[in-house]
Each structure stands twice: as structure tokens, then as C-alpha cells.
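Novice: Sending over a structure as C-alpha cells; questions will come in a sec.
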Number of protein chains: 2
Amino acid sequence: MATIYDIAKKAGVSTATVSRVINGVNHPIKEETRQRILQIAQELNYRPNAIAKSLAGGKSHTIALLIPSITNDFYTQICEVIEEKLEEKGYHTYLCNTRRNVEKESRYVESLIARQVDGVIFSPTRVKPQDNQVNLDNIDKLRKNGIAVVAFGSQFKGVSQIYINTYKGAFDATRYLISLGHKRIGFIDGLSAGTRKSRRRGYIKALEESGIGFDPWLVTAGNLQMEDGYACAYKLLSLENPPTAILAANNLMAIGVLKAARDKGLNVPGNLSVIGFDDSLLSKVVDPSLTVIKQPLKEIGEAAVNLLMNQLEGNQKHETIQLETRIVRRQSCGNPKERG
Amino acid sequence: MATIYDIAKKAGVSTATVSRVINGVNHPIKEETRQRILQIAQELNYRPNAIAKSLAGGKSHTIALLIPSITNDFYTQICEVIEEKLEEKGYHTYLCNTRRNVEKESRYVESLIARQVDGVIFSPTRVKPQDNQVNLDNIDKLRKNGIAVVAFGSQFKGVSQIYINTYKGAFDATRYLISLGHKRIGFIDGLSAGTRKSRRRGYIKALEESGIGFDPWLVTAGNLQMEDGYACAYKLLSLENPPTAILAANNLMAIGVLKAARDKGLNVPGNLSVIGFDDSLLSKVVDPSLTVIKQPLKEIGEAAVNLLMNQLEGNQKHETIQLETRIVRRQSCGNPKERG
DNA sequence: CTCCTTTAGGAAACCGCTTACCTCAATTAT
DNA sequence: ATAATTGAGGTAAGCGGTTTCCTAAAGGAG
């Protein structure tokens, strides 16, 4: 591997000059010298050593993406746009999969500090699936080591973040169902979702605003898996006065609802309307395809990169960007009057 | 950030001693000194700088995972096990998403060399979706720079690799359908799949072996998306003597087949049996759930790590590990005699 | 009481690159 | 004509570790 020294020697200049040429630093260099150096670098198949560069320069030009799951569409789609944007800006991205494991997350954070990443885009894992707390120490630790941080997936304090208005998402979904004529609307909440409370608030608000009022019997919660959706829906549908529509906190649970409906002999959307949160291939592929509240994945990724860049340019203020959801109508919702 | 110098000064020793203690190097150190250094390191909240370490030591303890897609279950599941295994062994993993873009892949390779990764687990992208060639230069470049490489997803020469016996997979799938009584079996091949030829060979072999023989009219190919599966299936089902079973080269296309069958008014598995390649949540969630040829994701990941470790331990030989597929029976296959 | 090993630790070169500070000649300004 | 700039490049001190030699004392063998 050729180094800057090899080039310097061959060109009869100092390494400083070579470094300047290679990096296009703002320092006068004779055009002829520049050409010669570039030429030699080419000949020697020179490739700057990123490690040495980071050590000397204090910047690694690497940012890390710390996410709870890499097998979940929601995250991977965000990842794709973040990675794309970041590459445009000359950054390399470390993709770190915490698998919702708090210790693993901490290990990653340590490792990222040791590796001197310039910034981290972070969707922290909740400490216990049951509650809503995340380990803020990790964010602190990163920041104390001079690493820029942008968070998403929940609401945090003292850090730049992307906040998705799931309150309004749930509100809109519920209102949509109401507009179709539904009066008994079930809600399957997500136990470990970071935005749990606000979703529920949106749901309740829509019911109250329309004068229907909130029936606690129609609210359950599951652990975001298909089976949970199935179980919760089964319970709801077994009530003596069952809902005519169900809103589920994510698409996996919504698919569980679909299965429960089928097992109960209910036609969707004929006898039951179903609406999910999150959009993904799954929602399109199931039969009937799912009407969902779509989160603005692309915008999340772009906003995250923008906030991070702001910080990397020295802006110390914490900014919060709020993004809205959008309803995507497919086949799973209909008019309740059709019901036998 | 505390450095090894700070510790050395505070402990009244040289940096050499500190380095030895921190790394547990095989060099005699008085127990008392060791304790003191460890103690001070703790107090100073010392965290070794991975960058400096890499530069000095020539090893980054990082390996890269270069894959065509991060939104594809097939790859992400492999990633999870690789990352897990690698972490156990003390390696950090860079996850690089090439998005099936050859230039991007090359850029990544350059960057990985500059970053001095110790090894790469690589599923190369085909140069043109249509043909079966990959850019072997990238593998070469990596190896020339002393980076260990393990490849998977196709068949390569001159590199350690995991080879999945899709020939046998297709053979088994076809034979399974034959054993159910099917005589007209359609095949939807994948245009850009790395294992295209062998799949087709397996399909043909099974047909010939059973005496049914191969009818070229029953073979088409699509670009691995749902729409392609739909289109191909629609064509097959519109033949005057349509197939009673269809084998698709991946699960997305198999789902497309399901949709086409529905639109054609055919019941699956009553009137048409469908079998897909690759297993994923999708296959379980669709209705009817898909019978598939499952690739041994976990084993692929484990084998890849093992091969890589072999190389990192100095073993220069190229090894190939062949892994077998397995059929997972669900609801989409049945007996053809039931057909009206 | 020597001579050889071990044990414990230090000095400093090196990894490849950046950058603050210099130098010196050629211009330009006054 | 002299001082002040500017252009072009060099010197060398880091960045934070690792590692190869060394040294010196203590223990053991003969």
C-alpha cells in the first residue's frame, strides 16, 4: 500500500504538500506540482488511509445508525434513505442493530465512542418493553464525547429529534372510521411502542369529539406481534357488543386482527373494518389489503440527516421536527351498515 | 478523553506498561502495578481509542457485510446471525447496503479498504440484472489489500464461499408437486437471481426423471417482484392447457401468482398449487400461506463467519461450503385431482 | 561468589496523515 | 528603494496506541 511518503519521495516534495494536494486544502500550490503529485498518486494506486486520517484529523466521517431492528420494514426503509443522503454528503454509515437489547445498545454506544464516529442517529430501545423509558445515559454519554446525536421513535429531552405526530395519526384513523359510520371502534395498543400514550389519546379524543365517547372495554394492548393482534382481536370480537371496527397500533397486529376476524367468520371489510399503523409490503399483500396510517419514512430519514448536519456544522441547539402521518386507504375498511 | 498517557503519568509508569496491562499482553507485570493501572483507568473513565489502535496495530477488528438489499428479509435475517456471531468473537460489523448498484458497491469496496476492515462478507450484485456476471474485480481488490473475503449468493471462483444447493431445492420442489399428482408444472424463473441456471436445471431434471418431460411453454421468468409473478402467472394460466401447479423463484413472485390465481377465479390449493423459494413472514401471512423452499439462513450466516475466521487465522485456502434447502409445507399445495 | 535467567518495566520508533508555524523568493505597494 | 504581501513549499509536532529492543534488579544454579 502506497502512502503519502512514497508519493512525496517520488515527487521530490514534502508530505505536507502531498497532503494538501490530495485534500484540495486551501493553500497555494503550483499547478505543475499538483499535477505531478496527482499523477504519481495515480501510478502508485494511492488510496488514503481512512484510519490514519481519522486519527490525525479528529473526524471519522462516519456516522452510526442505531436501530432496534433490521428485520423491520419501518426501520430499514428509514435506513435506506438516511444512508443514501449521508453518502451524498460524504459520510459513511455504520448500521447497528440493537435487537431491542439494552445491553447490546450500550455496548454499541461504547464501541461507537471508541471508533470516534462523528454522529449517531438513534432510535433508543425501551428499557422494559412494558414501560416507556429509554436509557438516556447512552445519549448523554455520546454527547459528552462530542458526538452529535439525533433521536427518533419516541419523545426525549435535551436532544435533537424527529417526532412523529401519532396522536394525530390515531385521531385521523378513528375519525375516518367514525365518518364511515362506525360507533363501536376497538383499539389494540402496542405495549412497547414509544408513542403509546399519544396514540391512545388521539383515539379517545376523536371518539369524544364526535360525541360517541370512550368505552374502556374496547381498548386492549399487545406486544406488537401478529399473535398479540390475534389474541386481542379475538377478545374484542367475543364481547357481547363487539366493535365493528378495530384500530391496531402496528401492521403486524392488524394482520393478526384479520386472522381473528376470519376465524370468527367475519368478513373484512363487510362485517369488520380494520386499520393499522405503519405501512409496509405486508399491508399490501394480505387479503384484504390493509388501510393504514402511514408514517412518513422518507421524511423521517431526511429530517434526521438534516438535523445531524446542523449539529456537525456547529449548531448546538436542540431542534425538534414534527412530522405528520397520512392515511392510506385500501380494502380493509368499509361501511358498518352493510353488516348483517 | 483520557489517554494512555494520562494513565501512565498518574500511575508513574510508561505508556508501554499501561498498554500491556490494558491489553493483557503476555509480558510480566507485577500484580500490584496492574491493579493500580486498572484502578486509575477506571477513575479516568478511560476508553481505548479504536482508531489509534487500528492504526498502530494494523487490525481494525471490524468486518463489513456487503449486501444487495437491506429491505429484503433474506439478507437481513442472514445479517442478524452474522452480526451476532461476529460480536461474540469481538468484531464489529459495518453493514453496507449496495442496493444492487454496481457503482455503489465499488465505492463501498474502496471505502472499506481505506477503512482497513479485516474482512468482508460479500453478496455481490450482478453487473446487469439480465446476466449472471458479477464484478469480480471488487473481490480481487479486497484480497489484494490483504482483506479476507467470503462470498455468497452465487458461484464464484478463487474465493471462499457459501453455496446453496438451489438445484436440489428446485428439484425437490418439483418432485414434491409431482408426488402430489401434478403433471403440468409451471416455473417462473428469476431474471437476476444468482442461482438461476441451477434452479431451472433442478426443475427440468425432476420432470425428466419422472418421465413427465419438460415443456418449454411452462417456463417464464420475471424480475423477482410481485408484479412480475402476477404477469408471468397470468400468462401461464391463460394457456389452453394451463399448469395445475406453479413454482416461483422467490416468495414475492409466488405471492404475485396467488393474486393472479385469485383474479383468474382459481382456488389455491384447490385448482392450483403454488410453491415459492425463500421463506419469510410474507409467506406465512398471505392467504393461503405459502409452501416454500426454505434456504438455511442461519446456517449461511454461521458458515460465512466460520469461513471468515479461518481466513483471519491465516488459512489461505479457499473453501466452499454447500448448504441444502428444505421444503416447508403450508397451505398452498394440494392434490390436482380435486380440480373441476 | 560468579554467571545465567527471569521478572518488571522503560525508551522510542512507528502506524499514515494533518496542520500550525516557518522560510524564502517573487511581487506589489509606498 | 524599501517594506509589506503573497505564493509555494518545508519542518516537525502531534493524533493515541503498539511493539521491539533495552536495562536493571532479583533469584537460581554451579
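By convention here, the chains of the C-alpha cells are called A, B, ... in the order presented, each chain's residues are numbered starting at 1, and ligands are numbered starting at 1 in the order presented.
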Within 7 Å of chain A, which residues of chain C show up? Give each one with its shortest atom-to-atom distance in Å (one decimal) and the two atoms involved, counting only C-alpha atoms (C1' of nucleotides), rows by chain then rising residue number, as a Markdown table.

Specialist:
```
| residue | atom | partner | partner_atom | distance |
| --- | --- | --- | --- | --- |
| C:DG16 | C1' | A:Ala52 | CA | 5.0 |
| C:DC17 | C1' | A:Lys53 | CA | 5.3 |
| C:DT18 | C1' | A:Ala56 | CA | 5.6 |
```

Novice: Quick one: residues within 8 Å of DA8 (chain D), only C-alpha atoms (C1' of nucleotides) counted, chain neighbours fewer than 2 positions away excluded, as a list in words?

Specialist: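 Near neighbours after the sequence-gap exclusion: Pro28, Ile29 and Lys30 of chain A.
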
Novice: Could those selected residues go to a file with all heavy atoms, as a PDB file, in the first residue's frame?

Specialist:
```pdb
ATOM      1  N   PRO A  28      -1.890  27.671  -1.382  1.00  0.00           N
ATOM      2  CA  PRO A  28      -1.419  27.750  -2.772  1.00  0.00           C
ATOM      3  C   PRO A  28      -0.433  26.659  -3.157  1.00  0.00           C
ATOM      4  O   PRO A  28       0.505  26.369  -2.405  1.00  0.00           O
ATOM      5  CB  PRO A  28      -0.768  29.134  -2.825  1.00  0.00           C
ATOM      6  CG  PRO A  28      -0.487  29.501  -1.417  1.00  0.00           C
ATOM      7  CD  PRO A  28      -1.554  28.860  -0.607  1.00  0.00           C
ATOM      8  N   ILE A  29      -0.661  26.066  -4.280  1.00  0.00           N
ATOM      9  CA  ILE A  29       0.200  25.006  -4.821  1.00  0.00           C
ATOM     10  C   ILE A  29       0.357  25.303  -6.311  1.00  0.00           C
ATOM     11  O   ILE A  29      -0.614  25.618  -6.986  1.00  0.00           O
ATOM     12  CB  ILE A  29      -0.467  23.624  -4.674  1.00  0.00           C
ATOM     13  CG1 ILE A  29      -0.757  23.293  -3.219  1.00  0.00           C
ATOM     14  CG2 ILE A  29       0.395  22.554  -5.328  1.00  0.00           C
ATOM     15  CD1 ILE A  29       0.413  22.787  -2.441  1.00  0.00           C
ATOM     16  N   LYS A  30       1.554  25.151  -6.787  1.00  0.00           N
ATOM     17  CA  LYS A  30       1.771  25.396  -8.204  1.00  0.00           C
ATOM     18  C   LYS A  30       1.041  24.316  -9.005  1.00  0.00           C
ATOM     19  O   LYS A  30       1.085  23.135  -8.645  1.00  0.00           O
ATOM     20  CB  LYS A  30       3.264  25.364  -8.536  1.00  0.00           C
ATOM     21  CG  LYS A  30       3.657  26.380  -9.612  1.00  0.00           C
ATOM     22  CD  LYS A  30       5.015  26.084 -10.189  1.00  0.00           C
ATOM     23  CE  LYS A  30       6.124  26.254  -9.160  1.00  0.00           C
ATOM     24  NZ  LYS A  30       7.442  25.827  -9.634  1.00  0.00           N
TER      25      LYS A  30
END
```

Novice: If you run DSSP on the backbone, which residues of region 112-246 of chain B are strand (DSSP E or B), as a PyMOL selection string?

Specialist: chain B and resi 119-122+126+134+148-152+160-164+185-190+219-222+245-246

Novice: Write the residues of the selection above to a file with N, CA and C atoms, as a PDB file, in the first residue's frame.

Specialist:
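Written output follows (part_6.pdb):
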```
ATOM      1  N   GLY B 119     -12.098  -7.997   7.261  1.00  0.00           N
ATOM      2  CA  GLY B 119     -12.712  -8.969   6.366  1.00  0.00           C
ATOM      3  C   GLY B 119     -14.036  -8.458   5.815  1.00  0.00           C
ATOM      4  N   VAL B 120     -14.492  -9.123   4.777  1.00  0.00           N
ATOM      5  CA  VAL B 120     -15.757  -8.734   4.156  1.00  0.00           C
ATOM      6  C   VAL B 120     -16.574  -9.984   3.851  1.00  0.00           C
ATOM      7  N   ILE B 121     -17.828  -9.949   4.224  1.00  0.00           N
ATOM      8  CA  ILE B 121     -18.754 -10.998   3.803  1.00  0.00           C
ATOM      9  C   ILE B 121     -19.627 -10.350   2.739  1.00  0.00           C
ATOM     10  N   PHE B 122     -19.606 -10.943   1.590  1.00  0.00           N
ATOM     11  CA  PHE B 122     -19.987 -10.213   0.387  1.00  0.00           C
ATOM     12  C   PHE B 122     -20.983 -11.011  -0.443  1.00  0.00           C
ATOM     13  N   ARG B 126     -25.097  -8.491  -9.408  1.00  0.00           N
ATOM     14  CA  ARG B 126     -24.824  -8.802 -10.797  1.00  0.00           C
ATOM     15  C   ARG B 126     -24.677  -7.510 -11.587  1.00  0.00           C
ATOM     16  N   VAL B 134     -20.882 -11.134 -12.058  1.00  0.00           N
ATOM     17  CA  VAL B 134     -20.642 -10.151 -11.020  1.00  0.00           C
ATOM     18  C   VAL B 134     -19.274  -9.555 -11.285  1.00  0.00           C
ATOM     19  N   ALA B 148      -9.687 -10.362   4.096  1.00  0.00           N
ATOM     20  CA  ALA B 148     -10.309 -11.675   3.943  1.00  0.00           C
ATOM     21  C   ALA B 148     -11.697 -11.510   3.333  1.00  0.00           C
ATOM     22  N   VAL B 149     -12.051 -12.395   2.437  1.00  0.00           N
ATOM     23  CA  VAL B 149     -13.352 -12.291   1.772  1.00  0.00           C
ATOM     24  C   VAL B 149     -14.092 -13.628   1.797  1.00  0.00           C
ATOM     25  N   VAL B 150     -15.355 -13.570   2.102  1.00  0.00           N
ATOM     26  CA  VAL B 150     -16.231 -14.736   1.951  1.00  0.00           C
ATOM     27  C   VAL B 150     -17.428 -14.274   1.128  1.00  0.00           C
ATOM     28  N   ALA B 151     -17.770 -15.038   0.112  1.00  0.00           N
ATOM     29  CA  ALA B 151     -18.875 -14.628  -0.745  1.00  0.00           C
ATOM     30  C   ALA B 151     -20.038 -15.595  -0.626  1.00  0.00           C
ATOM     31  N   PHE B 152     -21.206 -15.092  -0.933  1.00  0.00           N
ATOM     32  CA  PHE B 152     -22.356 -15.980  -1.043  1.00  0.00           C
ATOM     33  C   PHE B 152     -23.368 -15.394  -2.014  1.00  0.00           C
ATOM     34  N   SER B 160     -13.399 -17.968  -0.927  1.00  0.00           N
ATOM     35  CA  SER B 160     -14.188 -18.801  -0.024  1.00  0.00           C
ATOM     36  C   SER B 160     -15.646 -18.431  -0.171  1.00  0.00           C
ATOM     37  N   GLN B 161     -16.493 -19.407  -0.135  1.00  0.00           N
ATOM     38  CA  GLN B 161     -17.895 -19.086  -0.364  1.00  0.00           C
ATOM     39  C   GLN B 161     -18.869 -20.086   0.224  1.00  0.00           C
ATOM     40  N   ILE B 162     -20.091 -19.596   0.360  1.00  0.00           N
ATOM     41  CA  ILE B 162     -21.188 -20.445   0.788  1.00  0.00           C
ATOM     42  C   ILE B 162     -22.025 -20.667  -0.448  1.00  0.00           C
ATOM     43  N   TYR B 163     -22.252 -21.903  -0.743  1.00  0.00           N
ATOM     44  CA  TYR B 163     -23.039 -22.203  -1.923  1.00  0.00           C
ATOM     45  C   TYR B 163     -24.310 -22.928  -1.510  1.00  0.00           C
ATOM     46  N   ILE B 164     -25.433 -22.382  -1.915  1.00  0.00           N
ATOM     47  CA  ILE B 164     -26.695 -23.022  -1.557  1.00  0.00           C
ATOM     48  C   ILE B 164     -27.177 -23.851  -2.733  1.00  0.00           C
ATOM     49  N   ILE B 185     -46.538 -28.560 -14.598  1.00  0.00           N
ATOM     50  CA  ILE B 185     -45.990 -27.702 -13.544  1.00  0.00           C
ATOM     51  C   ILE B 185     -45.285 -26.512 -14.172  1.00  0.00           C
ATOM     52  N   GLY B 186     -45.791 -25.333 -13.878  1.00  0.00           N
ATOM     53  CA  GLY B 186     -45.178 -24.121 -14.420  1.00  0.00           C
ATOM     54  C   GLY B 186     -44.006 -23.669 -13.575  1.00  0.00           C
ATOM     55  N   PHE B 187     -43.098 -22.946 -14.226  1.00  0.00           N
ATOM     56  CA  PHE B 187     -41.929 -22.464 -13.495  1.00  0.00           C
ATOM     57  C   PHE B 187     -41.692 -20.996 -13.845  1.00  0.00           C
ATOM     58  N   ILE B 188     -41.652 -20.152 -12.822  1.00  0.00           N
ATOM     59  CA  ILE B 188     -41.352 -18.739 -13.049  1.00  0.00           C
ATOM     60  C   ILE B 188     -39.957 -18.471 -12.506  1.00  0.00           C
ATOM     61  N   ASP B 189     -39.057 -18.297 -13.429  1.00  0.00           N
ATOM     62  CA  ASP B 189     -37.655 -18.132 -13.060  1.00  0.00           C
ATOM     63  C   ASP B 189     -37.385 -16.676 -12.666  1.00  0.00           C
ATOM     64  N   GLY B 190     -36.276 -16.467 -11.960  1.00  0.00           N
ATOM     65  CA  GLY B 190     -35.909 -15.094 -11.585  1.00  0.00           C
ATOM     66  C   GLY B 190     -34.830 -14.581 -12.514  1.00  0.00           C
ATOM     67  N   VAL B 219     -42.353 -22.517 -18.914  1.00  0.00           N
ATOM     68  CA  VAL B 219     -41.302 -21.785 -18.215  1.00  0.00           C
ATOM     69  C   VAL B 219     -41.289 -20.315 -18.623  1.00  0.00           C
ATOM     70  N   THR B 220     -41.321 -19.420 -17.647  1.00  0.00           N
ATOM     71  CA  THR B 220     -41.158 -17.991 -17.918  1.00  0.00           C
ATOM     72  C   THR B 220     -40.171 -17.449 -16.885  1.00  0.00           C
ATOM     73  N   ALA B 221     -39.958 -16.151 -16.961  1.00  0.00           N
ATOM     74  CA  ALA B 221     -39.057 -15.555 -15.976  1.00  0.00           C
ATOM     75  C   ALA B 221     -39.474 -14.129 -15.702  1.00  0.00           C
ATOM     76  N   GLY B 222     -39.301 -13.710 -14.469  1.00  0.00           N
ATOM     77  CA  GLY B 222     -39.672 -12.344 -14.093  1.00  0.00           C
ATOM     78  C   GLY B 222     -38.578 -11.723 -13.244  1.00  0.00           C
ATOM     79  N   ALA B 245     -49.937 -26.489 -11.267  1.00  0.00           N
ATOM     80  CA  ALA B 245     -49.056 -26.082 -10.164  1.00  0.00           C
ATOM     81  C   ALA B 245     -48.019 -25.133 -10.722  1.00  0.00           C
ATOM     82  N   ILE B 246     -47.576 -24.188  -9.880  1.00  0.00           N
ATOM     83  CA  ILE B 246     -46.552 -23.243 -10.313  1.00  0.00           C
ATOM     84  C   ILE B 246     -45.480 -23.123  -9.244  1.00  0.00           C
TER      85      ILE B 246
END
```

Novice: Give me the residues near DT6 (chain C) as number ranges by chain, where near means some atom within 12 Å (using only C-alpha atoms (C1' of nucleotides)) and where sequence neighbours in that chain fewer than 4 positions away do not count.

Specialist: B: 27-28; D: 24-28

Novice: I'd like the neighbourhood of DT27 (chain C) as a short mmCIF file (atom, residue, chain, number, x, y, z; two decimals) with N, CA and C atoms (P, O5', C5', C4', C3', O3' and C1' of nucleotides), in the first residue's frame, where a residue qualifies if any of its atoms comes within 12 Å (using only C-alpha atoms (C1' of nucleotides)), though same-chain residues fewer than 4 positions away should be ignored.

Specialist:
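Final file, part08.cif:
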```
data_model
loop_
_atom_site.label_atom_id
_atom_site.label_comp_id
_atom_site.auth_asym_id
_atom_site.auth_seq_id
_atom_site.Cartn_x
_atom_site.Cartn_y
_atom_site.Cartn_z
P DA D 4 6.95 47.08 7.03
"O5'" DA D 4 5.91 46.45 6.01
"C5'" DA D 4 5.01 47.32 5.31
"C4'" DA D 4 4.16 46.50 4.36
"C3'" DA D 4 3.53 45.25 5.01
"O3'" DA D 4 2.19 45.15 4.51
"C1'" DA D 4 4.81 44.62 3.12
P DT D 5 1.14 44.25 5.31
"O5'" DT D 5 0.74 43.16 4.23
"C5'" DT D 5 1.75 42.71 3.32
"C4'" DT D 5 1.13 42.44 1.97
"C3'" DT D 5 0.34 41.14 1.95
"O3'" DT D 5 -0.67 41.20 0.95
"C1'" DT D 5 2.40 40.90 0.76
P DT D 6 -1.77 40.00 0.90
"O5'" DT D 6 -1.06 38.97 -0.08
"C5'" DT D 6 -0.71 39.38 -1.41
"C4'" DT D 6 0.03 38.27 -2.11
"C3'" DT D 6 -0.59 36.87 -1.93
"O3'" DT D 6 -0.72 36.30 -3.23
"C1'" DT D 6 1.73 36.82 -1.46
P DG D 7 -1.34 34.85 -3.44
"O5'" DG D 7 -0.04 34.03 -3.84
"C5'" DG D 7 0.81 34.55 -4.86
"C4'" DG D 7 1.91 33.53 -5.12
"C3'" DG D 7 1.44 32.09 -5.17
"O3'" DG D 7 2.20 31.43 -6.17
"C1'" DG D 7 3.00 32.34 -3.40
#
```

Novice: At a cut-off of 10 Å, using only C-alpha atoms (C1' of nucleotides), what residues contact Lys205 (chain A)? Leave out same-chain residues fewer than 3 positions from it and give the result as a PyMOL selection string.

Specialist: chain A and resi 167-168+170-171+174-175+199-202+208-211+213-214

Novice: What residues in chain B lie within 6 Å of chain A, counting only C-alpha atoms, written as a PyMOL selection string?

Specialist: chain B and resi 49-51+71+76+94-95+114-115+286

Novice: Using only C-alpha atoms (C1' of nucleotides) for the distances, tell me which of D:DT19, D:DG10, D:DA1, D:DG30 is nearest to chain B.

Specialist: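 For chain B, the nearest of the given residues is D:DT19.
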
Novice: Taking only C-alpha atoms into account, name the residue in A:Ile212, A:Leu323, A:Val257, A:Val13 that is nearest to Pro296 (chain A).

Specialist: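 Between A:Ile212, A:Leu323, A:Val257, A:Val13, the residue approaching Pro296 (chain A) most closely is A:Leu323.
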
Novice: State, in Å with one decimal place, the distance from CA of Ile78 (chain A) to CA of Ser123 (chain A).

Specialist: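 Going from CA of Ile78 (chain A) over to CA of Ser123 (chain A) covers 11.0 Å.
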
Novice: Which one of B:Leu180, B:Ile40, B:Lys59, B:Ala173 sits closest to chain D if you count only C-alpha atoms (C1' of nucleotides)?

Specialist: B:Lys59

Novice: Run DSSP on the backbone and give me the residues of region 82-255 of chain A it puts in helix (DSSP H, G or I), as a PyMOL selection string.

Specialist: chain A and resi 82-88+102-114+136-144+166-179+196-209+216-218+226-237+251-255

Novice: Write out as an MDAnalysis selection string each polymer residue whose atoms come within 12 Å of DC21 (chain C), counting only C-alpha atoms (C1' of nucleotides); drop sequence neighbours fewer than 4 positions from it.

Specialist: chainID D and resid 10:13

Novice: Can you work out which one of A:Gln295, A:Gly24, A:Arg34, A:Thr166 has the shortest atom-to-atom distance to chain D, counting only C-alpha atoms (C1' of nucleotides)?

Specialist: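 Nearest to chain D: A:Arg34.
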